[in-house]
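**Student:** Pasting in a structure now, in structure tokens, and then I'll have a few things to ask.
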Amino acid sequence: MEAIGGWRGIVESLLPGLVFLIVFLVTGRLGLTVAVSAALALVQLLIRLIQRQSFLGALTGLLSVGICLVAAWLTRDARNYYLPGFLTNGFWIIVLAASLLARMPGIGLLVEYLRRPVVSGWRQWLASWRGEPELVRAYTQATLVWIAVFALRLLVQVPLYLAGSVGLLGAARLILGLPLFALGIWISWLLIGGPYHRRQADQAQTDQEVHADHD
């Protein structure tokens with residue numbers, strides 16, 4: 001729940017797409033749908049600013065919604081609201097698959113960089129965790145999970161897009177959006193948590209032994 005922003009994060013993530021879908025299906029007017037969805041995204045950002053809360057998530061959401069709305073408006077096709085999402089999912093499939101081919105699982109790169117950001121000494125940084133088979137195996141499995149998440153979205157949504165089923169496409173986007181994202185985080189944690197914490201414990205023990213030797 002913390003990773004996806006709690007209940008507020010859930011609402012802010014689902015609401016723009018839900019409003020877009022409902023307004024378009026009820027009115028059939030793309031211009032009105034775009035205007036209402038854009039206004040909602042702006043209101044979400046303003047509320048964050050007024051409450052002096054972190055607005056990075058809302059700003060990111062505003063930009064992503066804005067790109068989707070512009071795509072739909074410029075093409076005069078409501079289906080294209082979902083087109084940027086297809087491109088994003090395809091991009092991450094390629095990036096994560098390439099990371100596996102390079103034997104540097106993408107989820108491992110992300111987790112390790114968040115744990116210890118580096119600007120130099122990349123070889124030493126990579127060697128510090130790639131030399132641990134159990135951890136690398138867990139990162140590889142988690143990376144495959146996320147490739148499956150992005151691929152599932154495309155397998156379900158692209159046929160609906162090609163069929164012109166805006167209602168079903170919108171519903172699939174909502175179901176395969178945040179709920180599937182949260183499931184991916186949970187499965188990744190199940191895979192990574194054990195090896196990651198064992199590694200942390202081993203490093204802590206090693207550090208204590210080094211300090212004891214110095215004393």
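Following the order of the structure tokens, first chain is A, next is B, and so on, with residues numbered from 1 inside each chain and ligands from 1 in the order they appear.
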Within 12 Å of A:Ala127, counting only C-alpha atoms, which residues show up once you throw out same-chain ones fewer than 6 positions away? Write them as a PyMOL selection string, please.

**Tutor:** chain A and resi 103-104+109+112+121+133+136

**Student:** Pick out the residues sitting within 9 Å of stretch 172-176 of chain A, and hand them over as a PyMOL selection string; count only C-alpha atoms, and ignore anything fewer than 5 positions along from it in its own chain.

**Tutor:** chain A and resi 14+17-18+82+149+152-153+156-157+160+167+181

**Student:** For those residues, write N, CA, C and O atoms to a file as a compact mmCIF listing (two decimals), in the first residue's frame.

**Tutor:**
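Done, and the output landed in selection.txt:
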# COMPACT_ATOMS: atom_id res chain seq x y z
N LEU A 14 -6.46 5.79 -10.48
CA LEU A 14 -7.59 5.22 -11.21
C LEU A 14 -8.58 6.26 -11.73
O LEU A 14 -9.21 6.06 -12.77
N GLY A 17 -8.52 7.83 -15.62
CA GLY A 17 -8.93 6.87 -16.64
C GLY A 17 -10.39 6.50 -16.51
O GLY A 17 -11.09 6.32 -17.52
N LEU A 18 -10.87 6.39 -15.27
CA LEU A 18 -12.27 6.05 -15.05
C LEU A 18 -13.19 7.17 -15.53
O LEU A 18 -14.20 6.91 -16.20
N TYR A 82 -5.30 5.47 -25.09
CA TYR A 82 -4.60 4.32 -24.52
C TYR A 82 -3.33 3.96 -25.29
O TYR A 82 -2.57 3.11 -24.84
N VAL A 149 4.01 -8.84 -16.76
CA VAL A 149 3.00 -7.83 -16.47
C VAL A 149 2.77 -6.94 -17.69
O VAL A 149 1.63 -6.73 -18.12
N LEU A 152 1.23 -8.96 -20.62
CA LEU A 152 -0.19 -9.27 -20.42
C LEU A 152 -1.07 -8.08 -20.78
O LEU A 152 -2.13 -8.24 -21.40
N ARG A 153 -0.61 -6.89 -20.40
CA ARG A 153 -1.38 -5.70 -20.75
C ARG A 153 -1.55 -5.59 -22.26
O ARG A 153 -2.65 -5.30 -22.76
N VAL A 156 -3.89 -8.32 -23.87
CA VAL A 156 -5.33 -8.12 -23.63
C VAL A 156 -5.83 -6.86 -24.33
O VAL A 156 -6.89 -6.86 -24.96
N GLN A 157 -5.07 -5.77 -24.23
CA GLN A 157 -5.58 -4.48 -24.67
C GLN A 157 -5.45 -4.22 -26.17
O GLN A 157 -6.33 -3.58 -26.76
N LEU A 160 -8.35 -5.40 -28.25
CA LEU A 160 -9.53 -4.56 -28.01
C LEU A 160 -9.38 -3.22 -28.72
O LEU A 160 -10.36 -2.67 -29.25
N GLY A 167 -15.05 0.83 -24.65
CA GLY A 167 -15.53 0.50 -23.31
C GLY A 167 -14.75 -0.64 -22.69
O GLY A 167 -14.28 -0.55 -21.55
N PHE A 181 -0.24 -3.77 -11.20
CA PHE A 181 1.03 -3.18 -10.74
C PHE A 181 1.30 -3.57 -9.29
O PHE A 181 2.42 -3.96 -8.94

**Student:** Could you build a table of the residues in stretch 48-109 of chain A lying no more than 12 Å from stretch 28-31 of chain A, giving for each the nearest pair of atoms and their separation in Å rounded to one decimal place, using only C-alpha atoms, ordered by chain and ascending residue number, as CSV?

**Tutor:**
residue,atom,partner,partner_atom,distance
A:Leu69,CA,A:Leu30,CA,9.6
A:Val70,CA,A:Gly31,CA,10.8
A:Ala71,CA,A:Leu30,CA,11.6
A:Ala72,CA,A:Leu30,CA,8.0
A:Trp73,CA,A:Gly31,CA,7.2
A:Leu74,CA,A:Gly31,CA,10.5
A:Thr75,CA,A:Leu30,CA,10.5
A:Arg76,CA,A:Leu30,CA,7.3
A:Asp77,CA,A:Leu30,CA,7.7
A:Ala78,CA,A:Leu30,CA,6.5
A:Arg79,CA,A:Leu30,CA,10.3
A:Asn80,CA,A:Leu30,CA,11.1
A:Tyr81,CA,A:Leu30,CA,10.3

**Student:** Write out as JSON, numbers by chain all residues of stretch 105-177 of chain A that DSSP puts in helix (DSSP H, G or I) for this structure's backbone.

**Tutor:** {"A": [106, 107, 108, 109, 110, 111, 112, 113, 114, 115, 122, 123, 124, 125, 126, 127, 128, 129, 130, 133, 134, 135, 136, 137, 138, 139, 140, 141, 142, 143, 144, 145, 146, 147, 148, 149, 150, 151, 152, 153, 154, 155, 156, 157, 158, 159, 160, 161, 162, 163, 166, 167, 168, 169, 170, 171, 172, 173, 174, 175]}

**Student:** Using C-alpha atoms, can you export the residues from the last selection as a PDB file, in the first residue's frame?

**Tutor:**
ATOM      1  CA  GLY A 106      16.687  -4.729 -14.703  1.00  0.00           C
ATOM      2  CA  ILE A 107      14.915  -5.096 -11.359  1.00  0.00           C
ATOM      3  CA  GLY A 108      18.268  -5.799  -9.756  1.00  0.00           C
ATOM      4  CA  LEU A 109      19.738  -2.634 -11.265  1.00  0.00           C
ATOM      5  CA  LEU A 110      16.791  -0.627  -9.954  1.00  0.00           C
ATOM      6  CA  VAL A 111      16.768  -2.081  -6.429  1.00  0.00           C
ATOM      7  CA  GLU A 112      20.534  -1.898  -5.998  1.00  0.00           C
ATOM      8  CA  TYR A 113      20.716   1.652  -7.328  1.00  0.00           C
ATOM      9  CA  LEU A 114      17.973   2.785  -4.971  1.00  0.00           C
ATOM     10  CA  ARG A 115      19.809   1.072  -2.127  1.00  0.00           C
ATOM     11  CA  TRP A 122      30.232   1.086 -11.839  1.00  0.00           C
ATOM     12  CA  ARG A 123      32.212  -2.126 -12.250  1.00  0.00           C
ATOM     13  CA  GLN A 124      32.741  -2.489  -8.516  1.00  0.00           C
ATOM     14  CA  TRP A 125      29.106  -1.633  -7.874  1.00  0.00           C
ATOM     15  CA  LEU A 126      27.902  -4.295 -10.315  1.00  0.00           C
ATOM     16  CA  ALA A 127      30.314  -6.879  -8.955  1.00  0.00           C
ATOM     17  CA  SER A 128      29.105  -6.221  -5.392  1.00  0.00           C
ATOM     18  CA  TRP A 129      25.739  -7.847  -6.097  1.00  0.00           C
ATOM     19  CA  ARG A 130      26.148  -9.774  -9.360  1.00  0.00           C
ATOM     20  CA  PRO A 133      23.937 -16.193  -7.366  1.00  0.00           C
ATOM     21  CA  GLU A 134      20.884 -16.419  -5.089  1.00  0.00           C
ATOM     22  CA  LEU A 135      20.274 -12.674  -5.249  1.00  0.00           C
ATOM     23  CA  VAL A 136      20.843 -12.496  -9.008  1.00  0.00           C
ATOM     24  CA  ARG A 137      18.446 -15.408  -9.512  1.00  0.00           C
ATOM     25  CA  ALA A 138      15.772 -13.584  -7.484  1.00  0.00           C
ATOM     26  CA  TYR A 139      16.316 -10.383  -9.467  1.00  0.00           C
ATOM     27  CA  THR A 140      16.075 -12.356 -12.708  1.00  0.00           C
ATOM     28  CA  GLN A 141      12.793 -13.947 -11.653  1.00  0.00           C
ATOM     29  CA  ALA A 142      11.374 -10.565 -10.597  1.00  0.00           C
ATOM     30  CA  THR A 143      12.422  -9.074 -13.938  1.00  0.00           C
ATOM     31  CA  LEU A 144      10.586 -11.877 -15.732  1.00  0.00           C
ATOM     32  CA  VAL A 145       7.517 -11.100 -13.616  1.00  0.00           C
ATOM     33  CA  TRP A 146       7.520  -7.501 -14.839  1.00  0.00           C
ATOM     34  CA  ILE A 147       8.034  -8.538 -18.440  1.00  0.00           C
ATOM     35  CA  ALA A 148       4.954 -10.745 -17.988  1.00  0.00           C
ATOM     36  CA  VAL A 149       3.001  -7.826 -16.465  1.00  0.00           C
ATOM     37  CA  PHE A 150       3.720  -5.537 -19.407  1.00  0.00           C
ATOM     38  CA  ALA A 151       3.171  -8.309 -21.954  1.00  0.00           C
ATOM     39  CA  LEU A 152      -0.188  -9.273 -20.420  1.00  0.00           C
ATOM     40  CA  ARG A 153      -1.377  -5.696 -20.752  1.00  0.00           C
ATOM     41  CA  LEU A 154      -0.538  -5.671 -24.447  1.00  0.00           C
ATOM     42  CA  LEU A 155      -1.980  -9.133 -25.115  1.00  0.00           C
ATOM     43  CA  VAL A 156      -5.326  -8.119 -23.629  1.00  0.00           C
ATOM     44  CA  GLN A 157      -5.580  -4.480 -24.669  1.00  0.00           C
ATOM     45  CA  VAL A 158      -4.158  -4.382 -28.207  1.00  0.00           C
ATOM     46  CA  PRO A 159      -6.842  -6.716 -29.666  1.00  0.00           C
ATOM     47  CA  LEU A 160      -9.526  -4.560 -28.006  1.00  0.00           C
ATOM     48  CA  TYR A 161      -7.905  -1.447 -29.473  1.00  0.00           C
ATOM     49  CA  LEU A 162      -7.848  -2.960 -32.958  1.00  0.00           C
ATOM     50  CA  ALA A 163     -11.482  -4.034 -32.558  1.00  0.00           C
ATOM     51  CA  VAL A 166     -13.417   1.631 -26.266  1.00  0.00           C
ATOM     52  CA  GLY A 167     -15.532   0.504 -23.310  1.00  0.00           C
ATOM     53  CA  LEU A 168     -13.847  -2.877 -22.938  1.00  0.00           C
ATOM     54  CA  LEU A 169     -10.449  -1.318 -23.597  1.00  0.00           C
ATOM     55  CA  GLY A 170     -10.998   1.229 -20.836  1.00  0.00           C
ATOM     56  CA  ALA A 171     -12.151  -1.431 -18.402  1.00  0.00           C
ATOM     57  CA  ALA A 172      -9.148  -3.624 -19.221  1.00  0.00           C
ATOM     58  CA  ARG A 173      -6.835  -0.640 -18.746  1.00  0.00           C
ATOM     59  CA  LEU A 174      -8.222  -0.035 -15.255  1.00  0.00           C
ATOM     60  CA  ILE A 175      -8.039  -3.690 -14.210  1.00  0.00           C
TER      61      ILE A 175
END
